[in-house]
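Dropping start-v9.cif in here (mmCIF, C-alpha atoms):
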data_run
loop_
_atom_site.label_atom_id
_atom_site.label_comp_id
_atom_site.auth_asym_id
_atom_site.auth_seq_id
_atom_site.Cartn_x
_atom_site.Cartn_y
_atom_site.Cartn_z
CA MET A 29 119.19 116.94 138.12
CA LYS A 30 118.15 114.67 135.25
CA GLY A 31 115.27 115.68 133.01
CA PHE A 32 112.57 113.53 131.39
CA LEU A 33 110.35 114.57 128.48
CA TYR A 34 106.87 113.47 127.42
CA PHE A 35 105.06 114.88 124.41
CA GLY A 36 101.83 113.56 122.97
CA ARG A 37 98.24 112.95 123.96
CA LEU A 38 97.50 112.68 127.68
CA GLU A 39 95.27 109.64 127.33
CA ARG A 40 94.87 106.08 128.58
CA GLU A 41 95.43 104.94 124.99
CA LYS A 42 99.01 106.26 125.27
CA TRP A 43 99.32 104.90 128.82
CA PHE A 44 99.89 108.36 130.23
CA ASP A 45 98.22 107.11 133.40
CA ALA A 46 101.34 104.98 133.92
CA ILE A 47 103.41 108.17 134.06
CA LEU A 48 100.96 109.60 136.63
CA GLY A 49 101.29 106.39 138.64
CA MET A 50 105.08 106.61 138.51
CA ILE A 51 104.91 110.25 139.70
CA ARG A 52 102.73 109.26 142.68
CA MET A 53 105.23 106.56 143.67
CA PHE A 54 108.04 109.10 143.80
CA LEU A 55 105.87 111.66 145.64
CA TYR A 56 105.03 108.99 148.22
CA ARG A 57 108.78 108.80 148.94
CA GLY A 58 109.13 112.59 149.13
CA ASP A 59 109.51 114.65 145.96
CA LEU A 60 110.43 113.99 142.37
CA PRO A 61 114.23 113.60 142.19
CA PHE A 62 114.16 114.67 138.54
CA SER A 63 112.52 117.27 136.29
CA LEU A 64 109.55 116.23 134.16
CA PHE A 65 108.57 118.28 131.09
CA VAL A 66 105.14 117.43 129.68
CA PHE A 67 103.71 118.72 126.39
CA GLY A 68 100.27 117.65 125.25
CA ALA A 69 96.55 117.70 125.89
CA GLY A 70 93.95 115.17 126.89
CA SER A 71 91.70 113.79 129.59
CA TYR A 72 94.50 113.49 132.17
CA GLU A 73 95.31 117.22 132.21
CA GLU A 74 93.58 117.94 135.51
CA GLU A 75 95.25 115.03 137.30
CA LEU A 76 98.63 116.20 136.02
CA LYS A 77 97.97 119.76 137.19
CA GLU A 78 97.05 118.46 140.66
CA LEU A 79 100.33 116.57 140.87
CA ALA A 80 102.22 119.61 139.56
CA GLU A 81 100.93 121.57 142.57
CA LYS A 82 102.67 119.04 144.82
CA SER A 83 106.04 119.21 143.04
CA LYS A 84 107.89 122.14 141.50
CA ASN A 85 109.79 119.64 139.33
CA ILE A 86 106.72 118.95 137.15
CA HIS A 87 106.46 121.38 134.23
CA PHE A 88 103.27 121.19 132.15
CA PHE A 89 103.06 123.33 129.02
CA GLY A 90 99.94 122.07 127.25
CA TRP A 91 99.91 121.40 123.52
CA LYS A 92 102.89 122.93 121.67
CA THR A 93 104.48 122.59 118.23
CA LEU A 94 107.65 120.57 117.74
CA PRO A 95 109.87 123.69 117.39
CA GLU A 96 108.49 124.97 120.71
CA ILE A 97 109.10 121.62 122.42
CA LYS A 98 112.63 121.46 121.03
CA ARG A 99 113.56 124.59 123.00
CA TYR A 100 113.34 122.57 126.22
CA VAL A 101 115.27 119.53 125.03
CA GLU A 102 118.55 120.78 126.47
CA ASN A 103 116.98 120.29 129.92
CA CYS A 104 116.12 116.65 129.23
CA ASP A 105 118.08 113.39 129.22
CA TYR A 106 115.39 110.84 128.29
CA CYS A 107 111.98 110.66 126.64
CA LEU A 108 109.12 108.74 128.31
CA MET A 109 106.74 106.74 126.10
CA PRO A 110 105.28 103.90 128.16
CA SER A 111 102.51 102.68 125.82
CA THR A 112 102.15 98.89 125.89
CA PHE A 113 100.30 98.63 122.58
CA LEU A 114 101.92 97.23 119.46
CA GLU A 115 102.83 100.10 117.16
CA THR A 116 103.38 99.90 113.41
CA PHE A 117 105.83 102.80 113.67
CA TRP A 118 106.21 105.61 116.18
CA LEU A 119 107.19 108.94 114.73
CA THR A 120 107.38 110.50 118.19
CA ALA A 121 110.17 108.09 119.16
CA LEU A 122 112.11 108.95 116.02
CA THR A 123 111.67 112.67 116.73
CA ALA A 124 112.99 112.24 120.28
CA ILE A 125 116.03 110.31 119.06
CA SER A 126 116.76 113.05 116.53
CA TRP A 127 117.02 115.35 119.57
CA TRP A 128 119.52 112.93 121.14
CA LEU A 129 117.02 111.72 123.72
CA PRO A 130 116.99 107.95 124.34
CA VAL A 131 113.45 106.58 124.50
CA ILE A 132 112.02 104.55 127.38
CA TRP A 133 109.43 102.17 125.95
CA TYR A 134 108.45 98.59 125.17
CA LYS A 135 110.82 97.17 122.55
CA LYS A 136 108.48 95.43 120.12
CA GLY A 137 106.81 95.83 116.74
CA GLY A 138 107.86 98.94 114.87
CA LEU A 139 109.83 100.19 117.88
CA VAL A 140 112.49 97.47 117.95
CA PRO A 141 115.18 99.56 116.18
CA PHE A 142 114.68 102.57 118.45
CA ILE A 143 114.80 101.22 122.02
CA GLU A 144 118.02 100.44 123.90
CA ASP A 145 118.04 97.21 125.90
CA ASP A 146 118.35 98.83 129.32
CA LEU A 147 115.45 101.19 128.49
CA ASN A 148 113.15 98.37 127.39
CA LEU A 149 110.22 98.22 129.84
CA GLU A 150 109.55 94.67 128.69
CA ASP A 151 112.66 93.55 130.56
CA CYS A 152 112.04 95.63 133.70
CA GLU A 153 110.92 93.94 136.89
CA TRP A 154 107.37 94.24 138.30
CA LEU A 155 104.06 93.62 136.61
CA CYS A 156 102.39 97.01 136.11
CA THR A 157 103.68 99.56 133.63
CA ASP A 158 103.83 102.33 136.23
CA GLU A 159 105.96 100.07 138.45
CA LYS A 160 108.19 99.15 135.51
CA LEU A 161 108.58 102.82 134.68
CA PHE A 162 109.36 103.71 138.29
CA ASN A 163 112.00 100.98 138.49
CA CYS A 164 113.59 101.99 135.17
CA VAL A 165 113.73 105.69 136.09
CA LEU A 166 115.14 104.87 139.52
CA ASN A 167 118.02 102.97 137.90
CA LEU A 168 118.68 105.80 135.44
CA LEU A 169 118.89 108.36 138.25
CA GLU A 170 121.87 106.46 139.59
CA ASP A 171 123.59 106.54 136.18
CA GLN A 172 126.21 109.31 136.18
CA THR A 173 127.14 109.06 132.50
CA LYS A 174 126.58 111.94 130.12
CA LYS A 175 123.96 111.98 127.37
CA ARG A 176 124.10 108.93 125.13
CA LYS A 177 124.52 108.93 121.40
CA PRO A 178 121.48 107.93 119.32
CA ILE A 179 121.32 104.19 118.54
CA VAL A 180 119.95 104.82 115.04
CA ASP A 181 121.06 107.17 112.31
CA THR A 182 118.12 109.54 111.80
CA LYS A 183 119.45 110.39 108.34
CA ASN A 184 117.97 107.07 107.23
CA TYR A 185 114.55 108.57 108.03
CA SER A 186 115.02 111.92 106.36
CA LYS A 187 112.73 113.30 103.65
CA GLU A 188 115.61 113.04 101.19
CA ASN A 189 116.09 109.35 101.93
CA ARG A 190 112.34 108.75 101.68
CA ILE A 191 112.09 110.24 98.21
CA ILE A 192 115.08 108.15 97.09
CA LYS A 193 113.12 105.02 98.09
CA LEU A 194 109.88 106.30 96.62
CA LEU A 195 111.05 107.41 93.18
CA PRO A 196 111.77 103.89 91.81
CA LEU A 197 108.29 102.78 92.93
CA VAL A 198 106.55 105.72 91.29
CA GLY A 199 108.50 105.34 88.07
CA LYS A 200 107.38 107.60 85.22
CA HIS A 201 103.96 108.26 86.73
CA LYS A 202 103.33 111.90 87.61
CA LYS A 203 99.70 112.23 88.73
CA ILE A 204 99.00 110.74 92.16
CA LEU A 205 95.76 110.60 94.13
CA LEU A 206 95.99 110.02 97.89
CA VAL A 207 92.76 108.55 99.23
CA SER A 208 91.96 108.12 102.92
CA ASP A 209 88.84 107.58 105.06
CA PHE A 210 89.34 110.96 106.68
CA ILE A 211 91.70 113.65 105.48
CA ASN A 212 91.61 116.33 108.17
CA LYS A 213 94.56 116.27 110.57
CA VAL A 214 92.98 114.31 113.42
CA TRP A 215 95.58 111.53 113.91
CA GLY A 216 99.07 110.65 112.80
CA ILE A 217 97.81 108.72 109.76
CA GLU A 218 95.81 111.65 108.43
CA THR A 219 98.51 114.21 109.18
CA TYR A 220 101.08 112.02 107.46
CA ILE A 221 99.37 112.03 104.06
CA HIS A 222 99.62 115.82 103.98
CA ASP A 223 103.35 115.52 104.63
CA VAL A 224 103.64 112.98 101.79
CA LYS A 225 101.76 115.34 99.48
CA GLU A 226 104.17 118.21 100.24
CA LEU A 227 107.17 115.92 99.75
CA LEU A 228 106.00 114.69 96.35
CA GLU A 229 104.96 118.13 95.17
CA ALA A 230 108.43 119.41 96.01
CA HIS A 231 109.69 116.94 93.40
CA TRP A 232 107.26 118.07 90.68
CA TYR A 233 104.53 115.49 91.15
CA GLU A 234 100.88 116.46 90.81
CA VAL A 235 99.23 115.23 94.02
CA LYS A 236 95.62 115.41 95.19
CA ILE A 237 94.15 114.32 98.53
CA ARG A 238 90.53 113.27 98.63
CA TRP A 239 87.83 112.03 100.92
CA ARG A 240 85.84 112.84 104.00
CA SER A 241 86.49 115.02 107.04
CA LEU A 242 85.94 113.59 110.51
CA PRO A 243 83.84 115.76 112.87
CA LYS A 244 85.18 116.52 116.32
CA GLY A 245 83.89 115.01 119.55
CA ILE A 246 81.06 112.52 119.84
CA PHE A 247 79.94 112.95 116.23
CA GLY A 248 83.37 111.86 115.06
CA LYS A 249 83.24 108.73 117.23
CA ILE A 250 79.80 107.86 115.90
CA LYS A 251 80.93 108.35 112.30
CA LYS A 252 83.92 106.05 112.85
CA LEU A 253 81.80 103.38 114.54
CA PHE A 254 79.04 103.31 111.94
CA GLY A 255 81.60 103.83 109.18
CA ILE A 256 82.63 100.19 109.61
CA TRP A 257 79.18 99.08 108.41
CA TRP A 258 78.88 101.91 105.89
CA GLY A 259 82.08 100.68 104.26
CA VAL A 260 80.58 97.25 103.51
CA PHE A 261 78.36 98.68 100.75
CA ASN A 262 79.77 102.12 100.06
CA PHE A 263 78.28 102.79 96.63
CA VAL A 264 78.26 106.56 97.14
CA ASP A 265 81.98 107.10 97.64
CA SER A 266 82.79 104.52 94.97
CA PHE A 267 80.79 106.50 92.42
CA LEU A 268 82.36 109.78 93.58
CA LEU A 269 85.84 108.26 93.23
CA TRP A 270 85.05 107.03 89.72
CA ARG A 271 83.70 110.45 88.71
CA PHE A 272 86.69 112.29 90.18
CA CYS A 273 89.16 109.98 88.45
CA LYS A 274 87.29 110.27 85.15
CA ASP A 275 88.04 114.00 85.18
CA ARG A 276 91.54 113.94 86.75
CA LYS A 277 92.86 110.66 85.30
CA PRO A 278 95.45 109.85 88.02
CA ASP A 279 98.32 107.50 87.23
CA ILE A 280 98.42 106.12 90.79
CA ILE A 281 95.75 105.83 93.47
CA ARG A 282 97.33 105.32 96.87
CA TYR A 283 94.87 104.20 99.54
CA ASN A 284 96.07 105.47 102.88
CA SER A 285 93.23 104.10 105.02
CA THR A 286 89.94 102.44 104.03
CA LEU A 287 88.68 100.61 107.13
CA ARG A 288 86.79 103.33 108.98
CA TRP A 289 84.64 104.66 106.15
CA LEU A 290 85.53 103.88 102.54
CA GLY A 291 85.52 100.08 102.70
CA TRP A 292 86.37 97.67 99.89
CA MET A 293 84.30 99.07 97.03
CA PRO A 294 86.40 102.21 96.29
CA VAL A 295 89.45 99.91 96.24
CA TRP A 296 87.75 97.70 93.66
CA ILE A 297 86.51 100.61 91.54
CA GLY A 298 90.04 102.02 91.43
CA LYS A 299 91.12 99.34 88.97
CA PHE A 300 89.03 101.13 86.34
CA CYS A 301 90.40 104.55 87.26
CA ALA A 302 94.21 104.41 87.44
CA LYS A 303 97.23 102.64 86.00
CA GLU A 304 98.36 101.48 89.44
CA ARG A 305 96.79 101.06 92.87
CA TRP A 306 98.77 101.15 96.10
CA MET A 307 97.66 100.25 99.62
CA MET A 308 99.29 101.58 102.82
CA TYR A 309 98.98 99.63 106.09
CA HIS A 310 99.39 102.09 108.95
CA ASP A 311 96.50 100.48 110.82
CA LEU A 312 96.73 97.08 112.51
CA GLY A 313 92.95 96.87 112.14
CA TYR A 314 93.58 95.16 108.80
CA PHE A 315 94.67 92.13 110.84
CA PHE A 316 93.12 92.45 114.32
CA PRO A 317 89.61 93.40 115.56
CA PHE A 318 90.75 95.97 118.14
CA PRO A 319 94.23 97.42 117.41
CA LYS A 320 94.23 99.40 120.68
CA LYS A 321 94.17 96.06 122.53
CA LEU A 322 96.92 94.43 120.50
CA LEU A 323 100.02 93.92 122.65
CA TYR A 324 102.09 91.34 120.74
CA GLU A 325 102.49 90.10 117.16
CA GLN A 326 101.60 86.58 118.34
CA GLN A 327 98.02 87.71 119.07
CA VAL A 328 97.37 88.06 115.33
CA LYS A 329 95.88 84.79 114.06
CA THR A 330 96.58 83.95 110.43
CA PRO A 331 95.34 83.46 107.80
CA LEU A 332 92.42 85.87 108.18
CA THR A 333 89.20 83.83 108.34
CA LEU A 334 85.92 84.30 110.18
CA PHE A 335 87.01 81.75 112.79
CA SER A 336 90.47 83.30 113.33
CA PHE A 337 89.01 86.83 113.46
CA LEU A 338 86.38 85.92 116.05
CA SER A 339 88.95 83.99 118.09
CA MET A 340 90.84 87.25 118.58
CA VAL A 341 87.79 88.86 120.25
CA LYS A 342 87.88 88.59 124.04
CA SER A 343 84.30 89.67 124.67
CA ILE A 344 80.78 88.21 124.50
CA HIS A 345 78.98 91.56 124.50
CA PRO A 346 76.44 91.66 121.62
CA THR A 347 77.41 95.22 120.61
CA VAL A 348 81.04 94.15 120.35
CA PHE A 349 80.17 91.20 118.13
CA LEU A 350 78.00 93.43 115.94
CA PHE A 351 80.95 95.76 115.42
CA VAL A 352 83.34 92.86 114.77
CA ALA A 353 80.90 91.24 112.33
CA GLY A 354 80.72 94.44 110.31
CA LYS A 355 84.47 94.80 110.33
CA TYR A 356 85.05 91.22 109.24
CA LEU A 357 82.48 91.52 106.46
CA SER A 358 84.25 94.62 105.13
CA LEU A 359 87.66 92.94 105.50
CA SER A 360 86.52 89.75 103.77
CA PHE A 361 85.36 91.75 100.73
CA LEU A 362 88.56 93.81 100.82
CA LYS A 363 90.76 90.73 101.11
CA LYS A 364 89.54 89.43 97.75
CA ARG A 365 90.71 92.65 96.09
CA LEU A 366 94.04 93.06 97.87
CA THR A 367 95.83 90.45 95.77
CA LYS A 368 95.08 92.62 92.71
CA ILE A 369 96.72 95.70 94.25
CA ASP A 370 100.01 96.58 92.52
CA LYS A 371 102.04 97.68 95.55
CA HIS A 372 101.54 97.18 99.27
CA LEU A 373 103.35 99.62 101.59
CA VAL A 374 104.17 98.93 105.24
CA PRO A 375 105.94 101.30 107.67
CA SER A 376 107.95 98.57 109.46
CA ASN A 377 109.54 95.28 108.43
CA PHE A 378 107.69 93.19 111.02
CA LEU A 379 104.45 93.86 109.12
CA VAL A 380 105.69 92.07 105.99
CA GLU A 381 105.09 88.60 107.46
CA ILE A 382 101.79 89.60 109.05
CA LEU A 383 100.47 91.02 105.77
CA HIS A 384 101.69 88.01 103.80
CA ASP A 385 100.23 85.46 106.23
CA SER A 386 96.93 87.27 106.86
CA HIS A 387 95.93 88.17 103.31
CA GLN A 388 98.19 85.93 101.19
CA ILE A 389 99.93 88.89 99.58
CA SER A 390 103.05 88.05 97.58
CA LYS A 391 106.15 89.40 99.32
CA LYS A 392 107.35 90.68 95.95
CA LYS A 393 104.53 93.23 96.11
CA ILE A 394 105.28 94.39 99.67
CA PHE A 395 107.60 97.36 100.21
CA CYS A 396 108.75 98.79 103.51
CA LEU A 397 108.56 102.59 103.52
CA GLU A 398 109.29 103.93 106.99
CA HIS A 399 107.91 107.32 107.97
CA PHE A 400 110.23 110.27 107.49
CA LEU A 401 111.28 112.61 110.23
CA GLN A 402 109.06 115.66 110.70
CA GLU A 403 110.62 119.03 111.42
#
Please, can you express the file's structure as structure tokens?
Amino acid sequence: MKGFLYFGRLEREKWFDAILGMIRMFLYRGDLPFSLFVFGAGSYEEELKELAEKSKNIHFFGWKTLPEIKRYVENCDYCLMPSTFLETFWLTALTAISWWLPVIWYKKGGLVPFIEDDLNLEDCEWLCTDEKLFNCVLNLLEDQTKKRKPIVDTKNYSKENRIIKLLPLVGKHKKILLVSDFINKVWGIETYIHDVKELLEAHWYEVKIRWRSLPKGIFGKIKKLFGIWWGVFNFVDSFLLWRFCKDRKPDIIRYNSTLRWLGWMPVWIGKFCAKERWMMYHDLGYFFPFPKKLLYEQQVKTPLTLFSFLSMVKSIHPTVFLFVAGKYLSLSFLKKRLTKIDKHLVPSNFLVEILHDSHQISKKKIFCLEHFLQE
């Protein structure tokens, strides 16, 4: 019996409901003709547990670490990741491939190198993602071949390879400050900067991480929402950054994320505080009002102007426009400073054109630094 793996958040944002829909389609025909191993936590836990009571082939383990998940990989043949959103890069897909598990997903954006053609949900028949997933899995169940070889060499995404790419950019600088809206490990972006810190420190760099922590639950959502407006005139954090840099004197300030709290002013003040400033673009919010609703690159209207930004909003709700107005105001101030940034880092090549066209950044200043594989 073939095995399928899912690990990640059990949320609508990750289209986990499509997996639940696919399960129901198979249960309607009888039972699951494959084993499903699910690792994660989220709002769909109870629905998954209800379905697990109807089929012994559904195995739900809750949230586990990567080493714990890896113990079950030998029982799996494929990894399910049916999100339809455009991703800048997907570390989960790379992790699955490193375990020799082909990934079933939409082949677009940062995922183009990682998805095989016959596992591309974009090319599957039917309209809904759960139907596409059902159809794809049904075809795979008829495939009698053994496990496939990975389509990419994961060595290209190793920590060793990452530092080889990073060293020429850093040059002789030794003191690095990593700045991000929120620095506690709440999402992939925030977790990643801690991995970068460890990587650089292992090569004798002095690295500091600074800025705010995001509260859990509703308070965190409120802080993110109002942080868009706070970032328009963020004098407080700008002064704190200046004072910190005055004492520490970093050679490089690398801004990991600035849209949800810091805003443009700490980016501007950084020119008085360090020899170089870098900007990382993990977040498609630098180009689109609502990244979680971005499905294709063609939806991004360039160059970034008030008219193009508002044309990307598919809502007339006053609260939505208030949020978008605050975001555009912050982005418009930030845009004026971006051309003065020394190095712009993107995690996937497809973002080079988007960054260049949206903010008129010289391509000579844009460097593609893919994420490295986590262990």
Problem - Hits of the PyMOL selection byres ((chain A and resi 69) around 6) in this structure, as number ranges by chain - result: A: 37-38, 68, 70, 90-91
Handout entry: Test item: residues at most 9 Å from A:Arg282, all atoms listed in the file, excluding those fewer than 2 positions along its chain, as number ranges by chain
Key = A: 204-208, 280, 284, 304-308
Handout entry: Residue list as a PyMOL selection string for point (89.5, 100.5, 91.2), cut-off 12 Å, all atoms listed in the file
Key = chain A and resi 207+265-271+273-274+278-283+292-307+362+365-366+368-370
Handout entry: Computed interatomic separation between atom CA of A:Tyr100 and atom CA of A:Lys135 (Å)
Key = 25.8 Å
Exercise for the section: Decode the PyMOL selection byres ((chain A and resi 162) around 9) for the given file into explicit residues and return them as a ChimeraX atom specification. Expected result: /A:47,49-51,53-54,157-161,163-167
Exercise for the section: Have a look at atom CA of A:Thr286 and atom CA of A:His384 and let me know their distance in Å, one decimal. Expected result: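 Pair atom CA of A:Thr286 / atom CA of A:His384 returns 18.6 Å.
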Exercise for the section: Considering only C-alpha atoms, state which residue in the set A:Phe351, A:Phe254, A:Trp43, A:Phe210 is at the smallest distance from A:Trp239. Expected result: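 So, comparing all the options, the nearest one is A:Phe210.
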Exercise for the section: In the coordinates of the file, take the point (109.5, 99.4, 117.1) and a cut-off of 9 Å; then, counting all atoms listed in the file, name each qualifying protein, DNA or RNA residue as a VMD selection string. Expected result: chain A and resid 114 to 118 121 134 to 143 376 378
Can you take stretch 372-402 of chain A from the block and write N, CA and C atoms as a JSON list (two decimals), in the first residue's frame?
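For reference, selection_16.json as written:
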[["chain", "number", "residue", "atom", "x", "y", "z"],
["A", 372, "HIS", "N", 20.13, 43.54, -2.40],
["A", 372, "HIS", "CA", 18.76, 43.05, -2.28],
["A", 372, "HIS", "C", 18.78, 41.53, -2.46],
["A", 373, "LEU", "N", 18.25, 40.80, -1.49],
["A", 373, "LEU", "CA", 18.31, 39.35, -1.50],
["A", 373, "LEU", "C", 16.92, 38.77, -1.74],
["A", 374, "VAL", "N", 16.82, 37.83, -2.69],
["A", 374, "VAL", "CA", 15.56, 37.14, -2.96],
["A", 374, "VAL", "C", 15.80, 35.63, -2.86],
["A", 375, "PRO", "N", 14.79, 34.87, -2.40],
["A", 375, "PRO", "CA", 14.98, 33.43, -2.23],
["A", 375, "PRO", "C", 14.75, 32.61, -3.49],
["A", 376, "SER", "N", 14.21, 33.22, -4.56],
["A", 376, "SER", "CA", 13.96, 32.50, -5.81],
["A", 376, "SER", "C", 14.17, 33.43, -7.00],
["A", 377, "ASN", "N", 14.61, 32.87, -8.11],
["A", 377, "ASN", "CA", 14.95, 33.68, -9.28],
["A", 377, "ASN", "C", 13.76, 34.43, -9.87],
["A", 378, "PHE", "N", 12.54, 33.88, -9.74],
["A", 378, "PHE", "CA", 11.39, 34.54, -10.36],
["A", 378, "PHE", "C", 11.11, 35.91, -9.72],
["A", 379, "LEU", "N", 11.65, 36.13, -8.52],
["A", 379, "LEU", "CA", 11.43, 37.41, -7.83],
["A", 379, "LEU", "C", 12.33, 38.53, -8.34],
["A", 380, "VAL", "N", 13.36, 38.18, -9.09],
["A", 380, "VAL", "CA", 14.28, 39.20, -9.60],
["A", 380, "VAL", "C", 13.53, 40.19, -10.49],
["A", 381, "GLU", "N", 12.76, 39.68, -11.45],
["A", 381, "GLU", "CA", 12.01, 40.56, -12.36],
["A", 381, "GLU", "C", 10.94, 41.34, -11.62],
["A", 382, "ILE", "N", 10.25, 40.69, -10.69],
["A", 382, "ILE", "CA", 9.19, 41.37, -9.94],
["A", 382, "ILE", "C", 9.76, 42.52, -9.13],
["A", 383, "LEU", "N", 10.88, 42.28, -8.45],
["A", 383, "LEU", "CA", 11.52, 43.33, -7.65],
["A", 383, "LEU", "C", 12.00, 44.47, -8.54],
["A", 384, "HIS", "N", 12.63, 44.11, -9.65],
["A", 384, "HIS", "CA", 13.15, 45.13, -10.58],
["A", 384, "HIS", "C", 12.01, 45.98, -11.15],
["A", 385, "ASP", "N", 10.93, 45.34, -11.58],
["A", 385, "ASP", "CA", 9.84, 46.05, -12.22],
["A", 385, "ASP", "C", 8.99, 46.85, -11.22],
["A", 386, "SER", "N", 8.84, 46.32, -10.01],
["A", 386, "SER", "CA", 7.98, 46.99, -9.02],
["A", 386, "SER", "C", 8.65, 48.21, -8.41],
["A", 387, "HIS", "N", 9.92, 48.08, -8.05],
["A", 387, "HIS", "CA", 10.59, 49.14, -7.29],
["A", 387, "HIS", "C", 11.78, 49.75, -8.03],
["A", 388, "GLN", "N", 11.96, 49.39, -9.31],
["A", 388, "GLN", "CA", 13.05, 49.93, -10.12],
["A", 388, "GLN", "C", 14.42, 49.74, -9.46],
["A", 389, "ILE", "N", 14.63, 48.52, -8.97],
["A", 389, "ILE", "CA", 15.91, 48.16, -8.38],
["A", 389, "ILE", "C", 16.83, 47.63, -9.48],
["A", 390, "SER", "N", 18.05, 48.10, -9.52],
["A", 390, "SER", "CA", 19.00, 47.61, -10.51],
["A", 390, "SER", "C", 19.26, 46.12, -10.30],
["A", 391, "LYS", "N", 19.25, 45.35, -11.37],
["A", 391, "LYS", "CA", 19.47, 43.91, -11.26],
["A", 391, "LYS", "C", 20.88, 43.58, -10.78],
["A", 392, "LYS", "N", 21.79, 44.53, -10.92],
["A", 392, "LYS", "CA", 23.15, 44.31, -10.43],
["A", 392, "LYS", "C", 23.19, 44.26, -8.90],
["A", 393, "LYS", "N", 22.16, 44.80, -8.26],
["A", 393, "LYS", "CA", 22.10, 44.81, -6.80],
["A", 393, "LYS", "C", 21.26, 43.64, -6.25],
["A", 394, "ILE", "N", 20.67, 42.84, -7.11],
["A", 394, "ILE", "CA", 19.78, 41.76, -6.67],
["A", 394, "ILE", "C", 20.53, 40.43, -6.71],
["A", 395, "PHE", "N", 20.48, 39.71, -5.62],
["A", 395, "PHE", "CA", 21.18, 38.42, -5.50],
["A", 395, "PHE", "C", 20.18, 37.36, -5.03],
["A", 396, "CYS", "N", 20.23, 36.22, -5.70],
["A", 396, "CYS", "CA", 19.35, 35.11, -5.32],
["A", 396, "CYS", "C", 20.06, 34.22, -4.31],
["A", 397, "LEU", "N", 19.53, 34.18, -3.11],
["A", 397, "LEU", "CA", 20.05, 33.31, -2.05],
["A", 397, "LEU", "C", 18.93, 32.39, -1.58],
["A", 398, "GLU", "N", 18.88, 31.19, -2.14],
["A", 398, "GLU", "CA", 17.85, 30.25, -1.75],
["A", 398, "GLU", "C", 18.04, 29.82, -0.29],
["A", 399, "HIS", "N", 16.94, 29.40, 0.33],
["A", 399, "HIS", "CA", 17.04, 28.90, 1.70],
["A", 399, "HIS", "C", 17.87, 27.63, 1.73],
["A", 400, "PHE", "N", 18.51, 27.38, 2.85],
["A", 400, "PHE", "CA", 19.26, 26.13, 2.98],
["A", 400, "PHE", "C", 18.43, 25.09, 3.72],
["A", 401, "LEU", "N", 18.79, 23.86, 3.50],
["A", 401, "LEU", "CA", 18.04, 22.74, 4.04],
["A", 401, "LEU", "C", 18.22, 22.64, 5.54],
["A", 402, "GLN", "N", 17.10, 22.59, 6.27],
["A", 402, "GLN", "CA", 17.15, 22.42, 7.71],
["A", 402, "GLN", "C", 17.25, 20.94, 8.08]]
